[in-house]
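Have a look at query11.txt; it's compact mmCIF, C-alpha atoms:
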# COMPACT_ATOMS: atom_id res chain seq x y z
CA MET A 2 -54.11 -36.21 16.39
CA LYS A 3 -53.04 -37.61 19.74
CA LYS A 4 -50.73 -35.88 22.13
CA MET A 5 -49.23 -36.92 25.44
CA LYS A 6 -48.73 -34.24 28.04
CA PHE A 7 -48.93 -34.04 31.78
CA PHE A 8 -50.15 -31.14 33.88
CA THR A 9 -50.35 -30.57 37.60
CA ASN A 10 -52.01 -27.19 37.17
CA PHE A 11 -55.57 -26.95 35.79
CA ASP A 12 -55.21 -23.29 34.81
CA HIS A 13 -52.16 -24.07 32.65
CA GLU A 14 -53.91 -27.07 31.15
CA GLU A 15 -56.96 -24.94 30.21
CA GLN A 16 -54.70 -22.31 28.61
CA TRP A 17 -52.86 -24.97 26.63
CA LEU A 18 -56.14 -26.45 25.31
CA ASN A 19 -57.31 -23.00 24.19
CA GLU A 20 -53.94 -22.38 22.55
CA MET A 21 -54.21 -25.71 20.68
CA ALA A 22 -57.69 -24.71 19.43
CA ARG A 23 -56.27 -21.40 18.20
CA GLN A 24 -53.91 -23.49 16.06
CA GLY A 25 -56.82 -25.56 14.78
CA TYR A 26 -56.60 -28.53 17.14
CA VAL A 27 -59.78 -28.89 19.16
CA LEU A 28 -59.98 -31.34 22.04
CA VAL A 29 -62.53 -34.11 21.48
CA GLY A 30 -61.50 -36.67 24.04
CA LYS A 31 -58.93 -37.85 26.52
CA SER A 32 -57.87 -41.25 27.68
CA ILE A 33 -54.18 -41.39 28.50
CA ALA A 34 -53.40 -39.01 25.63
CA TYR A 35 -55.28 -35.91 24.54
CA GLU A 36 -57.27 -36.44 21.36
CA PHE A 37 -57.63 -33.54 18.95
CA VAL A 38 -59.43 -33.04 15.66
CA HIS A 39 -57.89 -30.75 13.09
CA THR A 40 -60.39 -28.04 12.11
CA GLN A 41 -60.53 -24.32 11.50
CA PRO A 42 -58.64 -22.39 14.17
CA GLU A 43 -61.16 -21.18 16.74
CA GLU A 44 -61.38 -19.20 19.95
CA THR A 45 -62.48 -21.68 22.59
CA ASN A 46 -63.06 -21.63 26.30
CA PHE A 47 -62.09 -24.95 27.87
CA ARG A 48 -62.51 -25.47 31.60
CA ILE A 49 -61.60 -28.38 33.81
CA ASP A 50 -63.33 -29.61 36.93
CA TYR A 51 -62.07 -32.46 39.08
CA ARG A 52 -64.70 -34.92 40.28
CA SER A 53 -65.29 -38.66 40.41
CA PHE A 54 -68.68 -40.24 40.80
CA THR A 55 -69.92 -43.38 42.49
CA SER A 56 -73.04 -43.81 40.36
CA ARG A 57 -73.75 -43.32 36.68
CA ARG A 58 -76.90 -41.41 37.66
CA ASP A 59 -74.88 -38.79 39.58
CA PHE A 60 -72.51 -38.43 36.64
CA GLU A 61 -75.40 -37.90 34.19
CA ASP A 62 -77.00 -35.34 36.50
CA TYR A 63 -73.66 -33.50 36.74
CA LYS A 64 -73.20 -33.39 32.96
CA ALA A 65 -76.83 -32.29 32.45
CA LEU A 66 -76.33 -29.34 34.80
CA PHE A 67 -73.29 -28.15 32.82
CA GLU A 68 -75.06 -28.66 29.48
CA ASP A 69 -78.05 -26.66 30.70
CA SER A 70 -75.74 -23.80 31.60
CA GLY A 71 -73.91 -23.71 28.28
CA TRP A 72 -70.97 -26.10 28.78
CA ILE A 73 -70.54 -29.25 26.73
CA HIS A 74 -68.75 -32.16 28.36
CA VAL A 75 -65.99 -33.18 25.92
CA ALA A 76 -63.84 -35.56 27.91
CA GLY A 77 -63.75 -37.45 31.17
CA THR A 78 -65.43 -40.57 32.51
CA LYS A 79 -67.38 -41.39 35.65
CA SER A 80 -64.21 -42.16 37.59
CA SER A 81 -61.52 -40.33 35.61
CA GLY A 82 -61.46 -37.32 37.91
CA SER A 83 -60.66 -34.59 35.38
CA GLN A 84 -63.79 -33.44 33.54
CA TYR A 85 -63.29 -31.27 30.46
CA PHE A 86 -65.90 -28.74 29.42
CA LYS A 87 -66.12 -26.49 26.40
CA ARG A 88 -68.30 -23.41 26.35
CA THR A 89 -70.98 -23.73 23.68
CA GLY A 90 -72.15 -20.17 23.19
CA ALA A 91 -72.05 -16.69 24.53
CA GLN A 92 -74.83 -17.24 27.06
CA GLY A 93 -74.05 -18.08 30.67
CA SER A 94 -70.83 -17.58 32.57
CA GLU A 95 -67.21 -17.11 31.44
CA ASP A 96 -66.06 -19.78 33.87
CA ILE A 97 -67.51 -22.95 35.38
CA PHE A 98 -66.86 -21.45 38.82
CA SER A 99 -68.33 -18.21 40.10
CA ASP A 100 -66.39 -17.92 43.34
CA VAL A 101 -62.82 -18.41 44.48
CA ASP A 102 -63.59 -21.14 47.02
CA SER A 103 -65.15 -23.51 44.52
CA LYS A 104 -62.43 -22.76 41.96
CA ALA A 105 -59.81 -23.67 44.55
CA ALA A 106 -61.69 -26.73 45.83
CA ARG A 107 -60.88 -28.75 42.70
CA TYR A 108 -57.19 -28.56 43.67
CA LYS A 109 -58.09 -29.85 47.12
CA ARG A 110 -59.91 -32.83 45.60
CA ILE A 111 -57.03 -33.77 43.29
CA SER A 112 -54.51 -33.31 46.10
CA ASP A 113 -56.50 -35.72 48.29
CA MET A 114 -56.58 -38.22 45.43
CA TRP A 115 -52.77 -38.13 44.95
CA LEU A 116 -52.25 -38.42 48.68
CA SER A 117 -54.51 -41.46 49.01
CA LEU A 118 -52.72 -43.05 46.05
CA ALA A 119 -49.36 -42.45 47.76
CA CYS A 120 -50.73 -43.93 50.97
CA CYS A 121 -51.91 -47.06 49.12
CA PHE A 122 -48.30 -47.96 48.38
CA ILE A 123 -47.01 -47.47 51.91
CA PRO A 124 -48.35 -50.79 53.32
CA LEU A 125 -46.91 -52.58 50.28
CA PHE A 126 -43.52 -51.03 50.94
CA ALA A 127 -43.79 -51.93 54.64
CA VAL A 128 -44.51 -55.56 53.73
CA LEU A 129 -41.45 -55.70 51.48
CA ILE A 130 -39.26 -54.34 54.25
CA SER A 131 -40.66 -56.52 57.01
CA THR A 132 -40.35 -59.72 54.94
CA ASP A 133 -36.72 -58.92 54.07
CA ALA A 134 -37.64 -58.97 50.40
CA ILE A 135 -35.35 -55.99 49.89
CA ASP A 136 -31.70 -56.88 49.67
CA VAL A 137 -29.67 -53.76 50.35
CA THR A 138 -26.36 -55.59 49.86
CA ALA A 139 -27.17 -55.58 46.13
CA PHE A 140 -26.03 -51.95 46.13
CA ILE A 141 -22.63 -52.84 47.54
CA LYS A 142 -22.13 -56.18 45.82
CA PRO A 143 -24.13 -56.12 42.59
CA LYS A 144 -22.17 -59.23 41.53
CA LEU A 145 -24.47 -61.29 43.75
CA LEU A 146 -27.40 -60.49 41.45
CA TYR A 147 -25.86 -62.59 38.65
CA TYR A 148 -26.77 -66.25 38.79
CA THR A 149 -24.96 -67.63 35.70
CA PRO A 150 -22.59 -70.33 36.97
CA GLY A 151 -18.94 -69.44 36.54
CA LEU A 152 -19.77 -66.04 35.00
CA TRP A 153 -16.96 -64.21 36.76
CA ASP A 154 -14.36 -66.75 35.62
CA MET A 155 -15.20 -66.25 31.94
CA SER A 156 -13.23 -63.88 29.75
CA GLY A 157 -13.41 -61.93 26.50
CA GLY A 158 -16.44 -62.16 24.21
CA HIS A 159 -17.73 -65.14 26.10
CA PHE A 160 -17.93 -63.10 29.31
CA TRP A 161 -19.53 -60.04 27.72
CA ARG A 162 -22.21 -62.04 25.97
CA ALA A 163 -23.22 -63.81 29.16
CA PHE A 164 -22.88 -60.63 31.24
CA LEU A 165 -24.99 -58.42 28.98
CA PHE A 166 -27.58 -61.14 28.57
CA GLU A 167 -28.13 -61.42 32.28
CA THR A 168 -27.84 -57.72 33.19
CA PRO A 169 -31.52 -56.84 32.59
CA PHE A 170 -32.58 -59.83 34.70
CA ALA A 171 -30.09 -58.95 37.41
CA PHE A 172 -31.39 -55.40 37.41
CA LEU A 173 -35.01 -56.51 37.78
CA ARG A 174 -33.99 -58.96 40.50
CA GLY A 175 -32.20 -56.33 42.51
CA PHE A 176 -33.98 -53.05 41.98
CA THR A 177 -37.64 -53.56 40.98
CA TRP A 178 -38.68 -52.75 44.52
CA LEU A 179 -37.35 -49.21 44.02
CA LEU A 180 -40.42 -48.52 41.89
CA ILE A 181 -42.60 -48.56 44.98
CA PRO A 182 -40.83 -45.88 47.03
CA ALA A 183 -40.43 -43.92 43.76
CA MET A 184 -44.21 -44.00 43.20
CA ILE A 185 -44.87 -42.98 46.80
CA LEU A 186 -42.49 -40.05 46.35
CA ILE A 187 -43.93 -38.95 42.99
CA TYR A 188 -47.54 -39.11 44.20
CA ALA A 189 -46.62 -37.25 47.36
CA ILE A 190 -44.97 -34.51 45.27
CA PHE A 191 -48.11 -34.18 43.10
CA ALA A 192 -50.28 -34.03 46.24
CA TYR A 193 -48.03 -31.31 47.65
CA LYS A 194 -48.08 -29.26 44.43
CA ALA A 195 -51.87 -29.44 44.20
CA LYS A 196 -52.18 -28.44 47.86
CA LYS A 197 -49.93 -25.42 47.24
CA GLN A 198 -52.03 -24.46 44.22
CA TYR A 199 -55.17 -24.83 46.37
CA GLU A 200 -53.79 -22.37 48.91
CA LYS A 201 -52.60 -20.00 46.20
CA THR A 202 -55.98 -19.98 44.45
CA GLN A 203 -57.80 -19.34 47.72
CA GLN A 204 -55.67 -16.27 48.31
CA LEU A 205 -56.92 -14.68 45.10
CA ARG A 206 -59.90 -13.37 47.02
CA MET B 7 -76.44 -16.99 73.28
CA ASN B 8 -75.78 -20.32 71.62
CA ARG B 9 -76.03 -19.80 67.92
CA ASP B 10 -76.01 -22.54 65.27
CA LYS B 11 -72.45 -22.83 63.89
CA ASN B 12 -73.82 -22.67 60.32
CA LEU B 13 -74.95 -19.09 60.87
CA PRO B 14 -74.67 -16.65 59.24
CA LEU B 15 -75.44 -18.29 55.89
CA THR B 16 -73.64 -17.01 52.82
CA GLU B 17 -75.68 -15.02 50.35
CA THR B 18 -75.63 -17.90 47.82
CA VAL B 19 -76.63 -20.55 50.36
CA TYR B 20 -79.46 -18.34 51.61
CA TYR B 21 -80.85 -17.90 48.10
CA ILE B 22 -80.46 -21.60 47.24
CA LEU B 23 -82.45 -22.57 50.34
CA LEU B 24 -85.05 -19.95 49.51
CA ALA B 25 -85.27 -21.28 45.94
CA LEU B 26 -85.68 -24.86 47.21
CA LEU B 27 -88.83 -24.14 49.20
CA GLU B 28 -90.21 -25.62 45.99
CA PRO B 29 -88.53 -28.64 44.35
CA ALA B 30 -86.08 -27.81 41.56
CA HIS B 31 -83.19 -29.34 39.62
CA GLY B 32 -79.72 -27.81 39.33
CA TYR B 33 -80.16 -25.41 36.45
CA LEU B 34 -83.56 -24.27 37.73
CA ILE B 35 -81.91 -23.47 41.08
CA MET B 36 -79.36 -21.28 39.27
CA GLN B 37 -82.11 -19.40 37.45
CA LYS B 38 -84.21 -18.97 40.58
CA VAL B 39 -81.23 -17.69 42.57
CA GLU B 40 -80.51 -15.10 39.90
CA GLU B 41 -84.16 -14.04 39.84
CA LEU B 42 -84.58 -13.93 43.63
CA SER B 43 -81.41 -11.85 44.01
CA ALA B 44 -82.52 -9.42 41.26
CA GLY B 45 -79.54 -10.49 39.14
CA GLN B 46 -77.01 -9.91 41.94
CA VAL B 47 -76.04 -13.57 42.43
CA ARG B 48 -75.08 -15.41 39.27
CA MET B 49 -73.82 -18.88 39.96
CA ALA B 50 -71.77 -20.97 37.57
CA ALA B 51 -72.41 -24.72 37.17
CA GLY B 52 -69.32 -25.97 39.02
CA THR B 53 -69.97 -23.71 41.97
CA LEU B 54 -73.64 -24.65 42.22
CA TYR B 55 -72.80 -28.35 42.05
CA GLY B 56 -70.41 -28.01 44.98
CA ALA B 57 -72.91 -25.92 46.97
CA VAL B 58 -75.67 -28.50 46.46
CA GLU B 59 -73.29 -31.25 47.51
CA ASN B 60 -72.49 -29.39 50.75
CA LEU B 61 -76.14 -28.68 51.52
CA LEU B 62 -76.96 -32.37 51.04
CA LYS B 63 -74.16 -33.30 53.43
CA GLN B 64 -75.50 -30.83 56.00
CA LYS B 65 -79.00 -32.28 55.43
CA PHE B 66 -80.49 -28.84 54.67
CA ILE B 67 -81.79 -30.16 51.35
CA MET B 68 -82.69 -33.64 50.08
CA PRO B 69 -83.27 -35.34 46.73
CA VAL B 70 -86.87 -36.04 45.75
CA HIS B 71 -88.39 -38.13 42.98
CA SER B 72 -87.74 -36.66 39.55
CA GLU B 73 -89.74 -37.10 36.34
CA ASP B 74 -86.59 -36.25 34.39
CA SER B 75 -84.34 -39.29 34.09
CA ARG B 76 -81.14 -37.24 33.88
CA ARG B 77 -81.67 -34.33 36.26
CA LYS B 78 -81.92 -34.79 40.00
CA VAL B 79 -84.50 -32.72 41.86
CA TYR B 80 -83.97 -31.35 45.37
CA VAL B 81 -86.13 -29.75 48.04
CA ILE B 82 -85.47 -28.07 51.37
CA THR B 83 -85.65 -30.22 54.55
CA ASP B 84 -87.12 -29.24 57.95
CA GLY B 85 -83.57 -28.56 59.13
CA GLY B 86 -83.06 -26.33 56.10
CA ARG B 87 -86.25 -24.39 56.83
CA GLU B 88 -85.14 -23.93 60.44
CA ILE B 89 -81.70 -22.56 59.54
CA LEU B 90 -83.27 -20.28 56.92
CA ARG B 91 -85.72 -18.93 59.53
CA GLN B 92 -82.90 -18.35 62.05
CA ASP B 93 -80.83 -16.46 59.49
CA TYR B 94 -83.88 -14.44 58.55
CA GLU B 95 -84.42 -13.50 62.23
CA ARG B 96 -80.74 -12.59 62.51
CA MET B 97 -80.89 -10.26 59.51
CA ARG B 98 -84.23 -8.84 60.57
CA HIS B 99 -82.78 -7.91 63.92
CA MET B 100 -79.89 -6.18 62.13
CA LEU B 101 -82.32 -4.25 59.95
CA ASP B 102 -84.49 -3.28 62.96
CA MET B 103 -81.50 -2.04 64.90
CA THR B 104 -80.15 -0.16 61.91
CA SER B 105 -83.40 1.66 61.25
CA THR B 106 -83.84 2.46 64.97
CA ILE B 107 -80.41 4.03 65.18
CA MET B 108 -80.13 5.59 61.75
CA GLY B 109 -83.82 6.48 61.49

Please re-express this file's structure in structure tokens.
Amino acid sequence: MKKMKFFTNFDHEEQWLNEMARQGYVLVGKSIAYEFVHTQPEETNFRIDYRSFTSRRDFEDYKALFEDSGWIHVAGTKSSGSQYFKRTGAQGSEDIFSDVDSKAARYKRISDMWLSLACCFIPLFAVLISTDAIDVTAFIKPKLLYYTPGLWDMSGGHFWRAFLFETPFAFLRGFTWLLIPAMILIYAIFAYKAKKQYEKTQQLR
Amino acid sequence: MNRDKNLPLTETVYYILLALLEPAHGYLIMQKVEELSAGQVRMAAGTLYGAVENLLKQKFIMPVHSEDSRRKVYVITDGGREILRQDYERMRHMLDMTSTIMG
């Protein structure tokens, strides 16, 4: 079974994965969606770390360390960031972190990632503004976004057919650029939330 | 007195450096730390990985050639030995003073 869901909090994500396993859906992989296999309901202990690696060798070494200490790597790739681990037995620790600082540090790493992603779009936005590619008058006079000759002189069914046909194109023409500031905003919000969670986790000491 | 800004070392860092006087890979470091601390310091994988990463950045440890194709092996550097010695002196002084005063 595949399931789409989005989390900004690792602790909630871990709890959700354990809850799914209790209902008989055990995580086996993740790309964009979570991938589950349907088995017997079981008590699991899923934990998530956040790390990306530059070399395959570093990634293998990282996974080997977790395997040696009783955690199987179930999902995540070299550069995916989120790494999902499932506890294999009773030996070893309850958690993949043994102190508050390292448990909090994963929120710092994901916050930095969101922030750098947000920053990537800023120059693009600046270019659009400086080259006058953004036409603000489209908000006031959306009529200008329609290019069909004589459109506004048509009437009845003739008008509506032509109008509705062009509307999606007019919309793309006028407002596609809004995606960029929207992305900057969304990524910045995620970065902020992760940063808050980082501070909150650190205070658990 | 001008003391190294990395002092005092945390208990975990001290034991990791002590463990790496001989080369070891990640899991072996965890086991050695537990043994050296008489079971007082039990590190989890994610925490050890981050600690090793920091020590590499500070150049207190370095990677060495490993027979194992998957597991990286590390050993203490001269800088690591020096900081370990300084922290040892620091604690020794504390112990000396304590026993002088408390008897």

Quiz item: Residues at most 12 Å from Gln92 (chain A), counting all atoms listed in the file, excluding those fewer than 5 positions away in the same chain, as a PyMOL selection string?
Solution: (chain A and resi 68-72) or (chain B and resi 50)

Atoms to include: C-alpha atoms. Write the selected residues as a PDB file, in the coordinates of the input.
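Output below, filename out_5.pdb:
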ATOM      1  CA  GLU A  68     -75.060 -28.660  29.480  1.00  0.00           C
ATOM      2  CA  ASP A  69     -78.050 -26.660  30.700  1.00  0.00           C
ATOM      3  CA  SER A  70     -75.740 -23.800  31.600  1.00  0.00           C
ATOM      4  CA  GLY A  71     -73.910 -23.710  28.280  1.00  0.00           C
ATOM      5  CA  TRP A  72     -70.970 -26.100  28.780  1.00  0.00           C
TER       6      TRP A  72
ATOM      7  CA  ALA B  50     -71.770 -20.970  37.570  1.00  0.00           C
TER       8      ALA B  50
END

Exercise. Identify every residue of chain B that has at least one atom within 10 Å of any atom of chain A, counting all atoms listed in the file, and report the result as a VMD selection string.
Key: chain B and resid 31 to 34 36 to 37 47 to 57 74 to 79

Self-check item: Selection: 12 Å around region 127-135 of chain A, all atoms listed in the file, excl. self and same-chain fewer than 6 positions, as a VMD selection string
Solution: chain A and resid 120 to 121 174 to 179 181 to 182 185

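Near Arg96 (chain B), within 10 Å and counting only C-alpha atoms, sit Leu13, Pro14 and Leu90 of chain B; same-chain residues fewer than 6 positions away were not included.
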
Quiz prompt | Distance of CA of Arg48 (chain A) from CA of Met114 (chain A), expressed in Å to one decimal place | solution =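 We find that CA of Met114 (chain A) and CA of Arg48 (chain A) lie 19.7 Å from each other.
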
Quiz item: Using only C-alpha atoms, which of A:Ile73, A:Ser80, A:Asp113, A:Val38 sits nearest Thr55 (chain A)?
Solution: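 For Thr55 (chain A), the nearest of the given residues is A:Ser80.
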
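Going from CA of Val137 (chain A) over to CA of Trp115 (chain A), you cover 28.4 Å.
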
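What separates CA of Asn46 (chain A) from CA of Lys31 (chain A) is a distance of 16.7 Å.
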
Practice problem: Return the single residue from A:Arg206, A:Gln198, A:Phe8, A:Val75 that is closest to Val29 (chain A), with distances computed using all atoms listed in the file. | Solution: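 Among A:Arg206, A:Gln198, A:Phe8, A:Val75, it is A:Val75 that comes nearest to Val29 (chain A).
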
Quiz item: Need the neighbours of (-78.0, -26.9, 50.9): which residues are at most 12 Å away, counting all atoms listed in the file, as a PyMOL selection string?
Solution: chain B and resi 12+15-16+18-27+32+35+54-69+80-87+89-90

Need to verify the contact set: Leu152 (chain A), 12 Å, only C-alpha atoms, exclusion of same-chain residues closer than 4 positions in sequence. Can you return it as a CSV table (one decimal) with C-alpha atoms, keeping the file's coordinate frame?
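Generated output (around-v1.csv):
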chain,number,residue,atom,x,y,z
A,144,LYS,CA,-22.2,-59.2,41.5
A,145,LEU,CA,-24.5,-61.3,43.8
A,146,LEU,CA,-27.4,-60.5,41.4
A,147,TYR,CA,-25.9,-62.6,38.6
A,148,TYR,CA,-26.8,-66.2,38.8
A,156,SER,CA,-13.2,-63.9,29.8
A,157,GLY,CA,-13.4,-61.9,26.5
A,158,GLY,CA,-16.4,-62.2,24.2
A,159,HIS,CA,-17.7,-65.1,26.1
A,160,PHE,CA,-17.9,-63.1,29.3
A,161,TRP,CA,-19.5,-60.0,27.7
A,162,ARG,CA,-22.2,-62.0,26.0
A,163,ALA,CA,-23.2,-63.8,29.2
A,164,PHE,CA,-22.9,-60.6,31.2
A,165,LEU,CA,-25.0,-58.4,29.0
A,166,PHE,CA,-27.6,-61.1,28.6
A,167,GLU,CA,-28.1,-61.4,32.3
A,168,THR,CA,-27.8,-57.7,33.2
